[in-house]
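Structure data follow from query35.pdb (PDB, C-alpha atoms and all ligand atoms):
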MODEL        1
ATOM      1  CA  MET A 113      54.889 -97.441-132.766
ATOM      2  CA  SER A 114      56.437 -98.444-136.076
ATOM      3  CA  HIS A 115      54.241 -99.453-139.014
ATOM      4  CA  ALA A 116      55.393-103.023-138.282
ATOM      5  CA  GLY A 117      52.829-102.803-135.451
ATOM      6  CA  ILE A 118      49.831-102.660-137.824
ATOM      7  CA  PRO A 119      48.759-106.259-137.021
ATOM      8  CA  TRP A 120      48.623-105.315-133.323
ATOM      9  CA  LEU A 121      46.467-102.250-134.050
ATOM     10  CA  GLU A 122      44.178-104.439-136.167
ATOM     11  CA  ARG A 123      43.970-107.433-133.783
ATOM     12  CA  ASP A 124      40.514-108.995-133.330
ATOM     13  CA  SER A 125      40.756-108.884-129.528
ATOM     14  CA  ARG A 126      40.976-105.083-129.576
ATOM     15  CA  GLU A 127      37.194-104.658-129.448
ATOM     16  CA  SER A 128      36.857-106.734-126.252
ATOM     17  CA  GLU A 129      40.015-105.272-124.672
ATOM     18  CA  GLU A 130      39.510-101.586-125.518
ATOM     19  CA  ARG A 131      35.806-101.477-126.475
ATOM     20  CA  THR A 132      36.492 -99.396-129.566
ATOM     21  CA  SER A 133      32.805 -99.406-130.508
ATOM     22  CA  ALA A 134      31.928 -97.852-127.109
ATOM     23  CA  LEU A 135      34.583 -95.216-127.771
ATOM     24  CA  LEU A 136      33.061 -94.446-131.178
ATOM     25  CA  ASP A 137      29.611 -94.109-129.597
ATOM     26  CA  ALA A 138      31.024 -91.753-126.952
ATOM     27  CA  LEU A 139      32.288 -89.421-129.684
ATOM     28  CA  ASP A 140      28.691 -88.624-130.680
ATOM     29  CA  LEU A 141      29.628 -88.280-134.355
ATOM     30  CA  ARG A 142      27.031 -86.718-136.676
ATOM     31  CA  PRO A 143      26.770 -86.554-140.469
ATOM     32  CA  GLY A 144      28.492 -83.418-141.770
ATOM     33  CA  MET A 145      31.017 -83.064-138.944
ATOM     34  CA  SER A 146      34.665 -82.462-139.765
ATOM     35  CA  VAL A 147      36.909 -84.659-137.596
ATOM     36  CA  ALA A 148      40.592 -85.526-137.292
ATOM     37  CA  ASP A 149      42.179 -88.715-135.968
ATOM     38  CA  ILE A 150      45.703 -87.581-135.045
ATOM     39  CA  GLY A 151      48.246 -90.410-135.067
ATOM     40  CA  ALA A 152      45.696 -92.483-136.949
ATOM     41  CA  GLY A 153      48.017 -95.431-137.636
ATOM     42  CA  SER A 154      46.267 -98.071-139.742
ATOM     43  CA  GLY A 155      42.950 -96.212-139.534
ATOM     44  CA  ARG A 156      41.237 -98.651-137.192
ATOM     45  CA  LEU A 157      39.242 -95.732-135.729
ATOM     46  CA  THR A 158      39.405 -93.326-138.703
ATOM     47  CA  VAL A 159      37.463 -95.655-141.022
ATOM     48  CA  PRO A 160      34.377 -95.984-138.781
ATOM     49  CA  MET A 161      34.610 -92.262-137.996
ATOM     50  CA  ALA A 162      34.506 -91.475-141.732
ATOM     51  CA  ARG A 163      31.398 -93.656-142.131
ATOM     52  CA  ARG A 164      29.632 -91.880-139.283
ATOM     53  CA  VAL A 165      30.401 -88.276-140.351
ATOM     54  CA  ALA A 166      29.834 -88.703-144.124
ATOM     55  CA  PRO A 167      29.408 -86.464-146.095
ATOM     56  CA  GLY A 168      31.621 -84.586-143.612
ATOM     57  CA  ILE A 169      35.379 -85.124-143.727
ATOM     58  CA  ALA A 170      37.483 -87.433-141.563
ATOM     59  CA  TYR A 171      41.185 -86.635-141.639
ATOM     60  CA  GLY A 172      43.636 -89.327-140.594
ATOM     61  CA  THR A 173      47.061 -87.894-139.843
ATOM     62  CA  ASP A 174      50.301 -89.692-139.178
ATOM     63  CA  ILE A 175      54.041 -89.062-139.469
ATOM     64  CA  GLN A 176      54.713 -92.485-141.049
ATOM     65  CA  PRO A 177      53.996 -92.599-144.790
ATOM     66  CA  GLU A 178      53.569 -96.384-144.507
ATOM     67  CA  MET A 179      50.679 -95.912-142.066
ATOM     68  CA  LEU A 180      49.064 -93.379-144.405
ATOM     69  CA  ALA A 181      49.490 -95.706-147.383
ATOM     70  CA  PHE A 182      47.679 -98.474-145.453
ATOM     71  CA  LEU A 183      44.923 -96.081-144.354
ATOM     72  CA  GLU A 184      44.397 -94.623-147.827
ATOM     73  CA  ALA A 185      44.337 -98.065-149.502
ATOM     74  CA  ARG A 186      41.691 -99.100-147.020
ATOM     75  CA  ALA A 187      39.618 -95.968-147.706
ATOM     76  CA  ARG A 188      39.790 -96.709-151.461
ATOM     77  CA  THR A 189      38.745-100.344-150.963
ATOM     78  CA  GLU A 190      35.803 -99.271-148.826
ATOM     79  CA  GLY A 191      34.834 -96.393-151.151
ATOM     80  CA  LEU A 192      35.239 -93.791-148.402
ATOM     81  CA  VAL A 193      35.750 -90.636-150.483
ATOM     82  CA  ASN A 194      35.438 -88.461-147.346
ATOM     83  CA  LEU A 195      38.509 -89.993-145.638
ATOM     84  CA  LYS A 196      41.672 -87.965-146.270
ATOM     85  CA  GLY A 197      45.168 -88.966-145.188
ATOM     86  CA  ILE A 198      47.420 -86.117-144.033
ATOM     87  CA  LEU A 199      51.155 -86.429-143.519
ATOM     88  CA  GLY A 200      51.899 -84.576-140.292
ATOM     89  CA  ASP A 201      55.272 -83.860-138.733
ATOM     90  CA  THR A 202      56.504 -84.038-135.159
ATOM     91  CA  LEU A 203      55.580 -80.388-134.486
ATOM     92  CA  ASP A 204      52.434 -79.828-136.519
ATOM     93  CA  VAL A 205      49.232 -81.659-137.455
ATOM     94  CA  ASN A 206      49.227 -79.859-140.813
ATOM     95  CA  LEU A 207      45.525 -79.031-140.740
ATOM     96  CA  PRO A 208      44.100 -75.575-141.531
ATOM     97  CA  GLU A 209      43.228 -73.177-138.704
ATOM     98  CA  GLY A 210      39.745 -73.765-137.243
ATOM     99  CA  SER A 211      38.992 -76.577-139.692
ATOM    100  CA  VAL A 212      37.728 -79.405-137.434
ATOM    101  CA  ASP A 213      34.956 -79.953-134.880
ATOM    102  CA  LEU A 214      36.625 -82.868-133.122
ATOM    103  CA  VAL A 215      40.132 -84.247-132.634
ATOM    104  CA  LEU A 216      40.580 -87.869-131.585
ATOM    105  CA  LEU A 217      43.874 -89.131-130.149
ATOM    106  CA  VAL A 218      44.039 -92.854-129.389
ATOM    107  CA  ASP A 219      47.254 -94.216-127.855
ATOM    108  CA  ALA A 220      49.136 -91.567-129.820
ATOM    109  CA  TYR A 221      49.713 -88.434-127.718
ATOM    110  CA  HIS A 222      52.160 -90.174-125.325
ATOM    111  CA  GLU A 223      54.321 -91.030-128.371
ATOM    112  CA  PHE A 224      54.726 -87.459-129.562
ATOM    113  CA  ASP A 225      58.292 -86.128-129.589
ATOM    114  CA  HIS A 226      56.996 -82.576-129.048
ATOM    115  CA  PRO A 227      53.711 -82.872-127.132
ATOM    116  CA  TRP A 228      53.334 -79.164-126.298
ATOM    117  CA  GLU A 229      53.830 -78.052-129.902
ATOM    118  CA  MET A 230      51.441 -80.763-131.103
ATOM    119  CA  ALA A 231      48.817 -79.717-128.531
ATOM    120  CA  ARG A 232      49.112 -76.088-129.662
ATOM    121  CA  SER A 233      48.796 -77.178-133.271
ATOM    122  CA  MET A 234      45.637 -79.188-132.449
ATOM    123  CA  LEU A 235      44.216 -76.189-130.589
ATOM    124  CA  HIS A 236      44.603 -74.076-133.743
ATOM    125  CA  ALA A 237      43.183 -76.796-136.020
ATOM    126  CA  LEU A 238      39.965 -76.913-133.942
ATOM    127  CA  ARG A 239      37.182 -74.391-134.373
ATOM    128  CA  PRO A 240      36.494 -72.411-131.175
ATOM    129  CA  GLY A 241      34.314 -74.672-129.012
ATOM    130  CA  GLY A 242      35.685 -77.740-130.826
ATOM    131  CA  ARG A 243      36.560 -80.788-128.695
ATOM    132  CA  VAL A 244      39.445 -83.187-128.124
ATOM    133  CA  ALA A 245      38.924 -86.799-127.059
ATOM    134  CA  LEU A 246      42.209 -87.960-125.553
ATOM    135  CA  VAL A 247      42.470 -91.728-125.068
ATOM    136  CA  GLU A 248      45.442 -93.155-123.153
ATOM    137  CA  PHE A 249      45.992 -96.373-121.162
ATOM    138  CA  ARG A 250      45.496 -95.770-117.419
ATOM    139  CA  ALA A 251      48.831 -95.334-115.616
ATOM    140  CA  GLU A 252      47.032 -95.511-112.263
ATOM    141  CA  ASP A 253      45.841 -99.085-112.887
ATOM    142  CA  PRO A 254      48.472-101.846-112.536
ATOM    143  CA  GLU A 255      45.942-104.358-113.959
ATOM    144  CA  VAL A 256      46.105-102.727-117.406
ATOM    145  CA  PRO A 257      48.571-105.040-119.191
ATOM    146  CA  ILE A 258      50.507-102.354-121.062
ATOM    147  CA  LYS A 259      54.090-101.161-120.386
ATOM    148  CA  GLY A 260      54.271 -98.040-118.184
ATOM    149  CA  LEU A 261      55.988 -96.137-120.986
ATOM    150  CA  HIS A 262      52.757 -96.336-122.993
ATOM    151  CA  LYS A 263      50.411 -95.230-120.197
ATOM    152  CA  MET A 264      49.369 -91.816-118.844
ATOM    153  CA  ALA A 265      47.777 -90.669-115.602
ATOM    154  CA  GLU A 266      44.628 -88.582-115.876
ATOM    155  CA  ALA A 267      46.298 -85.770-113.890
ATOM    156  CA  GLN A 268      49.153 -85.636-116.401
ATOM    157  CA  CYS A 269      46.718 -85.518-119.345
ATOM    158  CA  ARG A 270      44.937 -82.585-117.746
ATOM    159  CA  ARG A 271      48.128 -80.759-116.779
ATOM    160  CA  GLU A 272      49.558 -80.919-120.292
ATOM    161  CA  PHE A 273      46.397 -79.991-122.212
ATOM    162  CA  GLU A 274      45.416 -77.209-119.839
ATOM    163  CA  ALA A 275      48.953 -75.766-120.118
ATOM    164  CA  ALA A 276      48.518 -75.724-123.910
ATOM    165  CA  GLY A 277      45.310 -73.657-123.647
ATOM    166  CA  PHE A 278      42.541 -76.283-123.579
ATOM    167  CA  ARG A 279      39.676 -76.384-121.094
ATOM    168  CA  TRP A 280      39.005 -79.750-119.408
ATOM    169  CA  LEU A 281      35.370 -80.809-119.823
ATOM    170  CA  ARG A 282      35.108 -84.243-118.191
ATOM    171  CA  THR A 283      36.703 -87.669-117.931
ATOM    172  CA  ASP A 284      34.475 -90.471-119.190
ATOM    173  CA  PRO A 285      34.982 -93.766-117.289
ATOM    174  CA  ARG A 286      33.327 -96.080-119.857
ATOM    175  CA  LEU A 287      36.459 -97.698-121.346
ATOM    176  CA  PRO A 288      37.936-100.742-119.573
ATOM    177  CA  TRP A 289      41.652 -99.938-119.973
ATOM    178  CA  GLN A 290      41.878 -96.325-121.076
ATOM    179  CA  HIS A 291      41.127 -92.827-119.897
ATOM    180  CA  LEU A 292      38.806 -90.914-122.200
ATOM    181  CA  VAL A 293      39.508 -87.296-121.321
ATOM    182  CA  TRP A 294      37.518 -84.512-122.983
ATOM    183  CA  PHE A 295      38.849 -81.009-123.595
ATOM    184  CA  GLU A 296      37.635 -78.088-125.663
ATOM    185  CA  ARG A 297      39.178 -75.135-127.428
ATOM    186  CA  PRO A 298      37.752 -72.236-125.426
ATOM    187  CA  ILE A 299      35.483 -69.913-127.425
ATOM    188  CA  THR A 300      37.221 -66.908-125.881
ATOM    189  CA  PRO A 301      40.987 -67.397-125.383
TER     190      PRO A 301
HETATM  191  C1  LIG A 401      50.142 -96.664-131.130
HETATM  192  S1  LIG A 401      49.799 -95.954-132.694
HETATM  193  C2  LIG A 401      48.048 -95.684-132.535
HETATM  194  C3  LIG A 401      47.339 -95.659-133.876
HETATM  195  C4  LIG A 401      45.820 -95.410-133.824
HETATM  196  N1  LIG A 401      45.522 -94.165-133.142
HETATM  197  C5  LIG A 401      45.076 -96.537-133.183
HETATM  198  O1  LIG A 401      44.701 -96.424-132.001
HETATM  199  O2  LIG A 401      44.835 -97.560-133.855
HETATM  200  C6  LIG A 401      50.458 -94.299-132.589
HETATM  201  C7  LIG A 401      50.611 -93.594-133.931
HETATM  202  O3  LIG A 401      50.988 -92.234-133.688
HETATM  203  C8  LIG A 401      51.819 -91.829-134.758
HETATM  204  N2  LIG A 401      52.541 -90.603-134.382
HETATM  205  C9  LIG A 401      53.598 -90.444-133.555
HETATM  206  N3  LIG A 401      53.949 -89.134-133.480
HETATM  207  C10 LIG A 401      53.079 -88.458-134.274
HETATM  208  C11 LIG A 401      52.886 -87.081-134.602
HETATM  209  N4  LIG A 401      53.657 -86.103-134.083
HETATM  210  N5  LIG A 401      51.884 -86.746-135.450
HETATM  211  C12 LIG A 401      51.065 -87.704-135.970
HETATM  212  N6  LIG A 401      51.190 -89.025-135.693
HETATM  213  C13 LIG A 401      52.179 -89.388-134.852
HETATM  214  C14 LIG A 401      52.701 -93.049-134.985
HETATM  215  O4  LIG A 401      53.342 -92.997-136.242
HETATM  216  C15 LIG A 401      51.684 -94.185-134.839
HETATM  217  O5  LIG A 401      51.122 -94.541-136.081
ENDMDL
END

What is this structure when it is put down as structure tokens?
Amino acid sequence: MSHAGIPWLERDSRESEERTSALLDALDLRPGMSVADIGAGSGRLTVPMARRVAPGIAYGTDIQPEMLAFLEARARTEGLVNLKGILGDTLDVNLPEGSVDLVLLVDAYHEFDHPWEMARSMLHALRPGGRVALVEFRAEDPEVPIKGLHKMAEAQCRREFEAAGFRWLRTDPRLPWQHLVWFERPITP
């Protein structure tokens, strides 16, 4: 999605449609955690994550400088000194090895040009035992009013992350339109 889509990411109806607050609760964020929102866009999820993990760090990564500019301006306005924007690229999240406890991906992974390389890069950015929360619109559900191109089936999510070295933990059914699929970086490879 281009940065011209910021108003859509920020729309008021998003809470009732996607239940973003239920998603945030499901993440079980604690003060002091280090977390990364990959493909953060405008920071709709990164900002509340930063509030919940403070004084821990919340990284918001994106490949569009315009998205990062929006996110960083918002962090400044809200005085969130623990929110850091990171310019990623299509192959790499550009985070240090083993630096985060949790990676969040909301409606972003299906957009990646190089999903396998990005998944490997996220695996390395997580500490061993660190978790990924993958959120994608349900391809199996024709009632979800999103184009098929922007949806993923749970089986495909699992296939791709397991192939990249992650261990599937569980799939949480609490969101109305999206899969919330949990993976971890195995402690022993
Ligand atoms: C549909 S938006 C979702 C934004 C945000 N996660 C949300 O739910 O509000 C997808 C974002 O992924 C970003 N993106 C695409 N490929 C990326 C990559 N390889 N690394 C980081 N961000 C990427 C896009 O620039 C876009 O901002």

Practice prompt. All residues within 6 Å of ligand LIG 401 (chain A) are required, counting only C-alpha atoms and all ligand atoms; please report them as a ChimeraX atom specification.
Written response: /A:113,121,150-153,156,173-176,200-202,218-220,223-224

Discussion item. Expand the PyMOL selection byres (((chain A and resi 177-181) around 6) and not hetatm) into the explicit residue set it covers here, and present it as a PyMOL selection string.
Written reply: chain A and resi 115+153-154+176+182-184+197

Fill in: Residue nearest Arg271 (chain A) among A:Gly155, A:Asp124, A:Asp213, A:Ala231 (counting all atoms listed in the file)
A:Ala231

Fill in: Residue with smallest distance to Phe278 (chain A) - pool A:Leu235, A:Leu246, A:Val165, A:Ile258, counting all atoms listed in the file
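Of A:Leu235, A:Leu246, A:Val165, A:Ile258, the one nearest Phe278 (chain A), counting all atoms listed in the file, is A:Leu235.
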
Worksheet item: With distances taken over all atoms listed in the file, which of A:Leu261, A:Ala166, A:Ala148, A:Ala237 is nearest to Leu216 (chain A)?
Response: A:Ala148

Discussion item. Env of Pro298 (chain A): 7 Å cut, atoms = only C-alpha atoms, seq-sep filter 6 positions within chain, self excluded. Answer as a list in words.
Written reply: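 In the requested format, the answer is Pro240, Gly241, Phe278 and Arg279 of chain A.
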
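Compared by their closest atoms to Leu141 (chain A), and using all atoms listed in the file, the residues A:Arg126, A:Glu274, A:Ala170, A:Glu248 rank with A:Ala170 nearest.
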
Fill in: Distance criterion (only C-alpha atoms): nearest to Ser211 (chain A) out of A:Ser233, A:Thr283, A:Gln268, A:Thr158
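Going through A:Ser233, A:Thr283, A:Gln268, A:Thr158 one by one, the smallest distance to Ser211 (chain A) is for A:Ser233.
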
Worksheet item: CA of Leu217 (chain A) and CA of Glu129 (chain A) are how many Å apart?
Response: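 About the pair CA of Leu217 (chain A) and CA of Glu129 (chain A): they are 17.5 Å apart.
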
Practice prompt. Give me, please, the distance in Å between CA of Asp137 (chain A) and CA of Trp228 (chain A), quoted to one decimal.
Written response: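 Distance reported for this atom pair: 28.2 Å.
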
Assuming the input is short of atoms at region 120-135 of chain A, produce N, CA, C and O atoms for that part as a compact mmCIF listing (two decimals), in the coordinates of the input.
# COMPACT_ATOMS: atom_id res chain seq x y z
N TRP A 120 49.06 -105.50 -134.71
CA TRP A 120 48.62 -105.32 -133.32
C TRP A 120 47.46 -104.32 -133.26
O TRP A 120 46.48 -104.53 -132.55
N LEU A 121 47.56 -103.24 -134.04
CA LEU A 121 46.47 -102.25 -134.05
C LEU A 121 45.18 -102.86 -134.60
O LEU A 121 44.09 -102.46 -134.22
N GLU A 122 45.34 -103.84 -135.49
CA GLU A 122 44.18 -104.44 -136.17
C GLU A 122 43.70 -105.74 -135.51
O GLU A 122 42.81 -106.39 -136.04
N ARG A 123 44.28 -106.13 -134.39
CA ARG A 123 43.97 -107.43 -133.78
C ARG A 123 42.49 -107.55 -133.44
O ARG A 123 41.85 -106.56 -133.03
N ASP A 124 41.94 -108.76 -133.59
CA ASP A 124 40.51 -109.00 -133.33
C ASP A 124 40.14 -108.72 -131.88
O ASP A 124 39.05 -108.26 -131.59
N SER A 125 41.08 -109.02 -130.95
CA SER A 125 40.76 -108.88 -129.53
C SER A 125 40.66 -107.42 -129.09
O SER A 125 40.28 -107.14 -127.95
N ARG A 126 40.96 -106.50 -129.99
CA ARG A 126 40.98 -105.08 -129.58
C ARG A 126 39.59 -104.60 -129.14
O ARG A 126 39.46 -103.80 -128.22
N GLU A 127 38.56 -105.08 -129.81
CA GLU A 127 37.19 -104.66 -129.45
C GLU A 127 36.87 -105.06 -128.01
O GLU A 127 36.40 -104.25 -127.22
N SER A 128 37.19 -106.31 -127.62
CA SER A 128 36.86 -106.73 -126.25
C SER A 128 37.80 -106.09 -125.24
O SER A 128 37.40 -105.79 -124.12
N GLU A 129 39.05 -105.85 -125.63
CA GLU A 129 40.02 -105.27 -124.67
C GLU A 129 39.80 -103.77 -124.48
O GLU A 129 39.88 -103.25 -123.37
N GLU A 130 39.58 -103.06 -125.59
CA GLU A 130 39.51 -101.59 -125.52
C GLU A 130 38.10 -101.04 -125.75
O GLU A 130 37.88 -99.85 -125.59
N ARG A 131 37.19 -101.89 -126.17
CA ARG A 131 35.81 -101.48 -126.48
C ARG A 131 35.79 -100.28 -127.42
O ARG A 131 35.25 -99.21 -127.12
N THR A 132 36.39 -100.48 -128.58
CA THR A 132 36.49 -99.40 -129.57
C THR A 132 35.11 -98.94 -130.04
O THR A 132 34.93 -97.77 -130.35
N SER A 133 34.13 -99.85 -130.06
CA SER A 133 32.80 -99.41 -130.51
C SER A 133 32.17 -98.50 -129.46
O SER A 133 31.46 -97.54 -129.81
N ALA A 134 32.44 -98.75 -128.16
CA ALA A 134 31.93 -97.85 -127.11
C ALA A 134 32.60 -96.49 -127.22
O ALA A 134 31.98 -95.44 -127.02
N LEU A 135 33.88 -96.49 -127.57
CA LEU A 135 34.58 -95.22 -127.77
C LEU A 135 33.93 -94.45 -128.92
O LEU A 135 33.64 -93.25 -128.79
